[in-house]
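First up is the structure itself, then whatever we jot down about it.
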Amino acid sequence: MNTFFNVQDIGDLNKALAEAEEVKANRYAYQSLGKNKTLLMIFFNNSLRTRLSTQKAATNLGMNVIVLDVNAGAWKLETERGVIMDGDKSEHLLEAIPVMGSYCDVIAVRSFAGLTDREFDYAETIVNQFVRHSGRPVIAMETATVHPLQAFADLITITEHAKSKRPRVVLTWAPHCRALPQAVPDSFAQWMNAADVDFIITHPEGYELDPQFAGGARVEYDQRKALEGADFVYAKNWSCPGVTQPADYGKILSRDMSWTIDAEHMSWTNDGYFMHCLPVRRGLIVTDDVIEGPHSLVIPEAANREISAEVVLKRVLESL
């Protein structure tokens with residue numbers, strides 16, 4: 001596996017889930033795979049779970065790890081071609097990337113959407129330069145449009161807690177005070193569409209996800225109807241994806257607090273579990289009683305980030 005961005009990159013999901021179960025049972029069984037191999041983790045944006053879990057997974061596999069925070073101590077990097085670099089950016093990605101590649105065996109990149117230029121974001125302009133110019137396998141630690149390590153961990157968590165063979169999983173939009181990217185809901189939708197679940201997306205009109213991620217998932221604009229009978233409720237905010245109205249890309253179209261997940265919302269479900277990728281804005285996305293309740297999976301979900309990262313890194317190392 002040379003790149004990890006989409007669900008197709010992981011191959012057979014049942015095999016991947018079985019591998020995750022094996023890795024979780026013995027996280028240090030494959031330490032020899034990473035001996036004398038180096039993972040370079042590059043962060044253009046803040047991180048907590050992604051940084052810690054991916055670094056821990058690499059260590060489990062015996063890898064050396066280098067962490068580069070582009071915004072703290074590194075030269076400011078230019079990402080556009082054809083510019084006159086007479087501003088505050090001292091180095092271009094086109095030189096920086098092959099240099100980075102010379103110091104490692106695998107590169108993991110985190111770079112969020114700018115939410116101002118849909119074409120630039122959805123072309124994955126930054127991370128694709130790493131794919132083209134680094135000469136190394138590239139793993140997405142969240143990009144402008146996807147967060148596959150999170151979605152894989154979400155699927156592992158659902159598989160571990162499912163009470164039926166084909167559970168009903170609902171991705172619900174929730175309000176937020178800031179405009180957020182679509183990467184988490186994009187990947188969650190993509191992975192749920194590929195899994196054997198009954199998947200529904202619910203959100204106010206105008207928040208339709210790009211069809212390449214939403215696929216043929218049922219969209220229900222009535223949140224209560226969507227949540228009825230749900231086994232898993234995955235709450236997440238995202239800004240307008242600009243599918244039907246490109247000029248609205250990245251905008252907040254609704255602040256409707258009736259979409260906040262509280263005890264009443266969860267009462268509509270099939271004694272369902274609550275999920276969120278974290279960090280979460282309490283009182284906006286979810287109320288305290290729900291996220292602290294016995295059916296909240298946010299901590300096991302976060303813990304499984306180590307497992308999803310280890311399976312992915314293991315497969316990359318096996319392909320070197």
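Chains: A, B, ... in order of the structure tokens. Residues: from 1 per chain. Ligands: from 1, in order shown.
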
With region 6-11 of chain A as the partner and 10 Å as the cut-off, tabulate the residues of region 147-195 of chain A that qualify, each row holding the nearest pair of atoms and their distance in Å to one decimal, using only C-alpha atoms, sorted by chain and rising number, as a Markdown table.
| residue | atom | partner | partner_atom | distance |
| --- | --- | --- | --- | --- |
| A:His147 | CA | A:Asn6 | CA | 8.4 |
| A:Pro148 | CA | A:Asn6 | CA | 6.2 |
| A:Leu149 | CA | A:Asn6 | CA | 9.5 |
| A:Ala151 | CA | A:Val7 | CA | 8.7 |
| A:Phe152 | CA | A:Val7 | CA | 8.2 |
| A:Asp186 | CA | A:Asn6 | CA | 9.9 |
| A:Ser187 | CA | A:Asn6 | CA | 7.4 |
| A:Phe188 | CA | A:Val7 | CA | 9.7 |
| A:Gln190 | CA | A:Val7 | CA | 6.8 |
| A:Trp191 | CA | A:Val7 | CA | 5.8 |
| A:Met192 | CA | A:Val7 | CA | 9.5 |
| A:Asn193 | CA | A:Val7 | CA | 9.6 |
| A:Ala194 | CA | A:Val7 | CA | 7.5 |
| A:Ala195 | CA | A:Val7 | CA | 9.8 |

Generate the output file for the selected residues, N, CA and C atoms, as a compact mmCIF listing (two decimals), in the first residue's frame.
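selection03.txt, freshly written:
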# COMPACT_ATOMS: atom_id res chain seq x y z
N HIS A 147 -10.43 12.08 6.09
CA HIS A 147 -9.74 11.70 7.34
C HIS A 147 -9.89 10.19 7.51
N PRO A 148 -9.18 9.41 6.71
CA PRO A 148 -9.41 7.96 6.69
C PRO A 148 -8.99 7.22 7.96
N LEU A 149 -7.97 7.68 8.66
CA LEU A 149 -7.59 7.02 9.91
C LEU A 149 -8.72 7.12 10.93
N ALA A 151 -12.02 7.46 10.12
CA ALA A 151 -13.14 6.66 9.64
C ALA A 151 -12.90 5.17 9.88
N PHE A 152 -11.65 4.73 9.69
CA PHE A 152 -11.31 3.32 9.95
C PHE A 152 -11.51 3.01 11.43
N ASP A 186 -16.99 13.39 5.24
CA ASP A 186 -16.70 12.78 3.94
C ASP A 186 -16.20 11.35 4.10
N SER A 187 -15.18 11.18 4.92
CA SER A 187 -14.60 9.85 5.09
C SER A 187 -15.57 8.91 5.80
N PHE A 188 -16.27 9.43 6.82
CA PHE A 188 -17.23 8.56 7.51
C PHE A 188 -18.28 8.04 6.54
N GLN A 190 -17.99 7.75 3.28
CA GLN A 190 -17.34 6.85 2.33
C GLN A 190 -17.17 5.45 2.93
N TRP A 191 -16.70 5.39 4.16
CA TRP A 191 -16.44 4.10 4.80
C TRP A 191 -17.74 3.39 5.17
N MET A 192 -18.76 4.13 5.61
CA MET A 192 -20.03 3.48 5.94
C MET A 192 -20.71 2.95 4.68
N ASN A 193 -20.57 3.66 3.58
CA ASN A 193 -21.14 3.16 2.32
C ASN A 193 -20.49 1.85 1.90
N ALA A 194 -19.22 1.68 2.24
CA ALA A 194 -18.50 0.46 1.86
C ALA A 194 -18.74 -0.68 2.85
N ALA A 195 -19.21 -0.34 4.06
CA ALA A 195 -19.43 -1.35 5.10
C ALA A 195 -20.84 -1.92 5.00

Item to check | helix (DSSP H, G or I) call set, DSSP backbone run, region 90-274 of chain A, as a ChimeraX atom specification | outcome: /A:93-101,118-122,125-133,148-161,183-194,211-214,223-227,246-248,257-259,263-267

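Selecting strand (DSSP E or B) from the backbone DSSP output for region 144-317 of chain A yields A:Arg168, A:Val169, A:Val170, A:Leu171, A:Thr172, A:Trp173, A:Asp198, A:Phe199, A:Ile200, A:Ile201, A:Thr202, A:Arg218, A:Val219, A:Phe232, A:Val233, A:Tyr234, A:Ala235, A:Lys236, A:Ile261, A:Tyr273, A:Phe274, A:Met275, A:Arg282, A:Val286, A:Ser296.
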
Item to check | 9 Å contact set for Thr116 (chain A), only C-alpha atoms, chain neighbours under 2 positions out, as a PyMOL selection string | outcome: chain A and resi 113-114+118+120-121+249-251

Go ahead and save the residues from that selection, with all heavy atoms, as a tab-separated table (two decimals), in the first residue's frame.
chain	number	residue	atom	x	y	z
A	113	ALA	N	-8.48	21.83	4.98
A	113	ALA	CA	-9.04	22.68	3.93
A	113	ALA	C	-8.95	24.14	4.33
A	113	ALA	O	-9.12	24.50	5.51
A	113	ALA	CB	-10.50	22.30	3.68
A	114	GLY	N	-8.70	25.00	3.34
A	114	GLY	CA	-8.72	26.44	3.59
A	114	GLY	C	-10.12	27.01	3.63
A	114	GLY	O	-10.35	28.09	4.18
A	118	ARG	N	-12.81	26.07	-3.25
A	118	ARG	CA	-13.24	24.67	-3.31
A	118	ARG	C	-12.39	23.86	-4.27
A	118	ARG	O	-12.03	22.70	-3.99
A	118	ARG	CB	-14.72	24.59	-3.72
A	118	ARG	CG	-15.29	23.18	-3.58
A	118	ARG	CD	-16.76	23.11	-4.00
A	118	ARG	NE	-17.38	21.89	-3.51
A	118	ARG	CZ	-17.27	20.72	-4.10
A	118	ARG	NH1	-16.59	20.60	-5.24
A	118	ARG	NH2	-17.84	19.64	-3.60
A	120	PHE	N	-9.26	24.27	-5.18
A	120	PHE	CA	-7.95	24.02	-4.58
A	120	PHE	C	-8.04	22.93	-3.52
A	120	PHE	O	-7.22	22.00	-3.49
A	120	PHE	CB	-7.42	25.31	-3.95
A	120	PHE	CG	-6.04	25.20	-3.35
A	120	PHE	CD1	-4.91	25.45	-4.10
A	120	PHE	CD2	-5.89	24.84	-2.01
A	120	PHE	CE1	-3.63	25.36	-3.54
A	120	PHE	CE2	-4.62	24.74	-1.43
A	120	PHE	CZ	-3.49	24.99	-2.21
A	121	ASP	N	-9.05	23.02	-2.65
A	121	ASP	CA	-9.20	22.05	-1.57
A	121	ASP	C	-9.52	20.66	-2.11
A	121	ASP	O	-8.88	19.67	-1.73
A	121	ASP	CB	-10.30	22.48	-0.60
A	121	ASP	CG	-9.88	23.66	0.27
A	121	ASP	OD1	-8.67	23.95	0.34
A	121	ASP	OD2	-10.78	24.30	0.87
A	249	TYR	N	-19.50	27.70	-0.57
A	249	TYR	CA	-18.49	26.77	-0.04
A	249	TYR	C	-17.80	27.35	1.20
A	249	TYR	O	-17.34	28.49	1.21
A	249	TYR	CB	-17.44	26.46	-1.10
A	249	TYR	CG	-16.30	25.59	-0.57
A	249	TYR	CD1	-16.55	24.30	-0.12
A	249	TYR	CD2	-15.00	26.08	-0.50
A	249	TYR	CE1	-15.53	23.50	0.37
A	249	TYR	CE2	-13.96	25.29	-0.01
A	249	TYR	CZ	-14.23	24.00	0.43
A	249	TYR	OH	-13.21	23.22	0.92
A	250	GLY	N	-17.77	26.54	2.26
A	250	GLY	CA	-17.11	26.94	3.49
A	250	GLY	C	-17.91	27.83	4.39
A	250	GLY	O	-17.44	28.23	5.47
A	251	LYS	N	-19.13	28.16	4.01
A	251	LYS	CA	-19.95	29.06	4.81
A	251	LYS	C	-20.79	28.30	5.84
A	251	LYS	O	-21.09	27.12	5.68
A	251	LYS	CB	-20.87	29.89	3.91
A	251	LYS	CG	-20.15	30.88	3.02
A	251	LYS	CD	-21.14	31.70	2.21
A	251	LYS	CE	-20.42	32.72	1.31
A	251	LYS	NZ	-21.37	33.50	0.51

Item to check | Surrounding residues of region 163-171 of chain A excluding itself and chain neighbours under 4 positions, 8 Å, only C-alpha atoms, as a ChimeraX atom specification | outcome: /A:185,189,196-202,226-227,229-236

Let's have the selection written as a tab-separated table (two decimals), in the first residue's frame, with all heavy atoms.
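Saved as result-v3.tsv:
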chain	number	residue	atom	x	y	z
A	185	PRO	N	-16.85	14.03	8.00
A	185	PRO	CA	-18.08	13.45	7.44
A	185	PRO	C	-17.87	12.81	6.07
A	185	PRO	O	-18.50	11.80	5.75
A	185	PRO	CB	-19.05	14.63	7.37
A	185	PRO	CG	-18.21	15.85	7.48
A	185	PRO	CD	-17.03	15.47	8.31
A	189	ALA	N	-18.80	8.93	5.69
A	189	ALA	CA	-19.79	8.50	4.70
A	189	ALA	C	-19.19	7.48	3.74
A	189	ALA	O	-19.81	6.45	3.42
A	189	ALA	CB	-20.32	9.71	3.94
A	196	ASP	N	-21.07	-3.00	5.73
A	196	ASP	CA	-22.38	-3.64	5.74
A	196	ASP	C	-23.22	-3.04	6.86
A	196	ASP	O	-23.47	-3.67	7.90
A	196	ASP	CB	-22.23	-5.15	5.92
A	196	ASP	CG	-23.56	-5.88	5.74
A	196	ASP	OD1	-24.50	-5.29	5.16
A	196	ASP	OD2	-23.64	-7.05	6.17
A	197	VAL	N	-23.65	-1.79	6.65
A	197	VAL	CA	-24.51	-1.11	7.62
A	197	VAL	C	-25.64	-0.41	6.88
A	197	VAL	O	-25.56	-0.17	5.68
A	197	VAL	CB	-23.71	-0.06	8.44
A	197	VAL	CG1	-22.57	-0.71	9.20
A	197	VAL	CG2	-23.20	1.08	7.56
A	198	ASP	N	-26.70	-0.12	7.62
A	198	ASP	CA	-27.80	0.68	7.09
A	198	ASP	C	-27.47	2.13	7.40
A	198	ASP	O	-27.58	2.57	8.55
A	198	ASP	CB	-29.11	0.24	7.77
A	198	ASP	CG	-30.31	1.05	7.30
A	198	ASP	OD1	-30.20	1.77	6.29
A	198	ASP	OD2	-31.36	0.97	7.97
A	199	PHE	N	-27.05	2.88	6.39
A	199	PHE	CA	-26.46	4.19	6.61
A	199	PHE	C	-27.39	5.31	6.15
A	199	PHE	O	-27.93	5.28	5.04
A	199	PHE	CB	-25.13	4.28	5.87
A	199	PHE	CG	-24.41	5.59	6.04
A	199	PHE	CD1	-24.19	6.12	7.30
A	199	PHE	CD2	-23.94	6.29	4.94
A	199	PHE	CE1	-23.51	7.32	7.47
A	199	PHE	CE2	-23.26	7.48	5.09
A	199	PHE	CZ	-23.06	8.01	6.36
A	200	ILE	N	-27.55	6.31	7.01
A	200	ILE	CA	-28.39	7.48	6.73
A	200	ILE	C	-27.61	8.74	7.09
A	200	ILE	O	-26.91	8.78	8.10
A	200	ILE	CB	-29.70	7.44	7.54
A	200	ILE	CG1	-30.49	6.17	7.23
A	200	ILE	CG2	-30.56	8.68	7.26
A	200	ILE	CD1	-31.66	5.94	8.18
A	201	ILE	N	-27.73	9.78	6.27
A	201	ILE	CA	-27.14	11.08	6.55
A	201	ILE	C	-28.27	12.08	6.76
A	201	ILE	O	-29.21	12.13	5.96
A	201	ILE	CB	-26.25	11.57	5.40
A	201	ILE	CG1	-25.18	10.53	5.04
A	201	ILE	CG2	-25.59	12.90	5.75
A	201	ILE	CD1	-24.37	10.88	3.80
A	202	THR	N	-28.17	12.88	7.81
A	202	THR	CA	-29.19	13.90	8.04
A	202	THR	C	-28.53	15.24	8.31
A	202	THR	O	-27.54	15.34	9.04
A	202	THR	CB	-30.12	13.52	9.22
A	202	THR	OG1	-31.15	14.50	9.34
A	202	THR	CG2	-29.39	13.38	10.53
A	226	ALA	N	-34.61	10.53	10.81
A	226	ALA	CA	-33.33	9.86	10.58
A	226	ALA	C	-32.88	9.10	11.82
A	226	ALA	O	-32.34	7.98	11.72
A	226	ALA	CB	-32.27	10.88	10.18
A	227	LEU	N	-33.07	9.69	13.00
A	227	LEU	CA	-32.56	9.08	14.22
A	227	LEU	C	-33.43	7.94	14.75
A	227	LEU	O	-32.97	7.13	15.57
A	227	LEU	CB	-32.43	10.14	15.31
A	227	LEU	CG	-31.37	11.22	15.09
A	227	LEU	CD1	-31.39	12.23	16.23
A	227	LEU	CD2	-29.99	10.61	14.95
A	229	GLY	N	-34.77	4.64	15.51
A	229	GLY	CA	-34.27	3.28	15.33
A	229	GLY	C	-32.78	3.18	15.12
A	229	GLY	O	-32.26	2.10	14.83
A	230	ALA	N	-32.05	4.29	15.27
A	230	ALA	CA	-30.60	4.26	15.02
A	230	ALA	C	-29.88	3.48	16.12
A	230	ALA	O	-30.20	3.58	17.30
A	230	ALA	CB	-30.05	5.68	14.97
A	231	ASP	N	-28.89	2.70	15.71
A	231	ASP	CA	-28.03	1.98	16.65
A	231	ASP	C	-26.80	2.80	17.00
A	231	ASP	O	-26.24	2.66	18.09
A	231	ASP	CB	-27.60	0.64	16.04
A	231	ASP	CG	-28.77	-0.27	15.77
A	231	ASP	OD1	-29.45	-0.66	16.73
A	231	ASP	OD2	-29.02	-0.59	14.59
A	232	PHE	N	-26.38	3.65	16.07
A	232	PHE	CA	-25.22	4.52	16.28
A	232	PHE	C	-25.55	5.91	15.74
A	232	PHE	O	-26.03	6.04	14.62
A	232	PHE	CB	-23.97	3.98	15.57
A	232	PHE	CG	-23.50	2.65	16.09
A	232	PHE	CD1	-23.98	1.46	15.54
A	232	PHE	CD2	-22.58	2.58	17.14
A	232	PHE	CE1	-23.55	0.24	16.02
A	232	PHE	CE2	-22.14	1.36	17.61
A	232	PHE	CZ	-22.63	0.18	17.06
A	233	VAL	N	-25.26	6.93	16.54
A	233	VAL	CA	-25.46	8.32	16.13
A	233	VAL	C	-24.10	9.00	16.10
A	233	VAL	O	-23.46	9.17	17.14
A	233	VAL	CB	-26.40	9.06	17.11
A	233	VAL	CG1	-26.52	10.53	16.71
A	233	VAL	CG2	-27.77	8.39	17.15
A	234	TYR	N	-23.67	9.37	14.91
A	234	TYR	CA	-22.38	10.03	14.74
A	234	TYR	C	-22.66	11.50	14.46
A	234	TYR	O	-23.11	11.87	13.38
A	234	TYR	CB	-21.62	9.41	13.57
A	234	TYR	CG	-20.13	9.71	13.56
A	234	TYR	CD1	-19.22	8.75	13.95
A	234	TYR	CD2	-19.64	10.95	13.16
A	234	TYR	CE1	-17.85	9.00	13.94
A	234	TYR	CE2	-18.30	11.22	13.15
A	234	TYR	CZ	-17.40	10.25	13.54
A	234	TYR	OH	-16.06	10.52	13.54
A	235	ALA	N	-22.40	12.34	15.45
A	235	ALA	CA	-22.67	13.77	15.31
A	235	ALA	C	-21.41	14.50	14.86
A	235	ALA	O	-20.32	14.22	15.35
A	235	ALA	CB	-23.16	14.34	16.63
A	236	LYS	N	-21.58	15.41	13.93
A	236	LYS	CA	-20.42	16.18	13.44
A	236	LYS	C	-20.92	17.42	12.73
A	236	LYS	O	-21.87	17.37	11.95
A	236	LYS	CB	-19.58	15.33	12.47
A	236	LYS	CG	-18.31	16.02	11.99
A	236	LYS	CD	-17.28	16.15	13.10
A	236	LYS	CE	-16.00	16.82	12.61
A	236	LYS	NZ	-16.16	18.28	12.51

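When only C-alpha atoms are used to compute distances to Gly293 (chain A), the closest of the residues A:Met266, A:Val83, A:Leu317, A:Ala162 turns out to be A:Met266.
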
Next on the checklist: Between CA of Thr269 (chain A) and CA of Glu306 (chain A), what is the distance in Å, rounded to a tenth?
Outcome noted: 29.0 Å

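Using only C-alpha atoms, the residues found no farther than 8 Å from His133 (chain A), other than those of its own chain fewer than 6 positions away, are A:Leu94, A:Ile97, A:Pro98.
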
Checklist entry - Which of these, A:Leu180, A:Gly242, A:Tyr207, A:Leu93, has the shortest distance to Val131 (chain A) once you count only C-alpha atoms? => result A:Leu93

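Minimum atom-to-atom distance to His265 (chain A), evaluated using only C-alpha atoms, belongs to A:Glu228 out of A:Asp88, A:Asp248, A:Glu228, A:Leu278.
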
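Comparing the minimum interatomic distances between Ala263 (chain A) and each of A:Asn128, A:Ser296, A:Asn26, A:Thr172, counting only C-alpha atoms, we find that A:Ser296 sits nearest.
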
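Closest to His276 (chain A) among A:Ala153, A:Leu61, A:Ala247, A:Ala214 is A:Ala153, based on only C-alpha atoms.
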
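Nearest to Tyr28 (chain A) of all the residues A:Glu310, A:Glu205, A:Glu301, A:Glu292 is A:Glu310, based on only C-alpha atoms.
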
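The space between CA of Phe274 (chain A) and CA of Arg49 (chain A) spans 18.3 Å.
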
Item to check | Contacts of region 139-142 of chain A within 8 Å, only C-alpha atoms, excl. fewer than 5 positions in-chain, as a PyMOL selection string | outcome: chain A and resi 3-5+50+106-112+127+147-149+183

Item to check | Long-range neighbours of Glu19 (chain A) as a PyMOL selection string, 9 Å cut-off, only C-alpha atoms, 5 positions minimum in chain | outcome: chain A and resi 14+24+311

Grab the residues selected above and save them as an mmCIF file, in the first residue's frame with all heavy atoms.
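That gives us part-v2.cif:
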data_model
loop_
_atom_site.group_PDB
_atom_site.id
_atom_site.type_symbol
_atom_site.label_atom_id
_atom_site.label_comp_id
_atom_site.auth_asym_id
_atom_site.auth_seq_id
_atom_site.Cartn_x
_atom_site.Cartn_y
_atom_site.Cartn_z
ATOM 1 N N ASN A 14 -13.490 -6.580 5.504
ATOM 2 C CA ASN A 14 -13.541 -7.661 6.486
ATOM 3 C C ASN A 14 -12.136 -8.111 6.878
ATOM 4 O O ASN A 14 -11.856 -8.377 8.055
ATOM 5 C CB ASN A 14 -14.346 -8.839 5.946
ATOM 6 C CG ASN A 14 -15.833 -8.533 5.854
ATOM 7 O OD1 ASN A 14 -16.367 -7.780 6.681
ATOM 8 N ND2 ASN A 14 -16.507 -9.092 4.870
ATOM 9 N N LYS A 24 -4.960 -5.369 17.812
ATOM 10 C CA LYS A 24 -5.408 -4.905 19.125
ATOM 11 C C LYS A 24 -5.102 -5.933 20.212
ATOM 12 O O LYS A 24 -4.818 -5.567 21.363
ATOM 13 C CB LYS A 24 -6.905 -4.600 19.077
ATOM 14 C CG LYS A 24 -7.406 -3.782 20.261
ATOM 15 C CD LYS A 24 -8.799 -3.254 20.017
ATOM 16 C CE LYS A 24 -9.250 -2.332 21.127
ATOM 17 N NZ LYS A 24 -10.582 -1.727 20.855
ATOM 18 N N VAL A 311 -2.598 -0.675 11.791
ATOM 19 C CA VAL A 311 -2.908 -1.549 10.655
ATOM 20 C C VAL A 311 -2.419 -0.920 9.355
ATOM 21 O O VAL A 311 -1.806 -1.593 8.510
ATOM 22 C CB VAL A 311 -4.428 -1.834 10.575
ATOM 23 C CG1 VAL A 311 -4.776 -2.555 9.277
ATOM 24 C CG2 VAL A 311 -4.870 -2.664 11.777
#
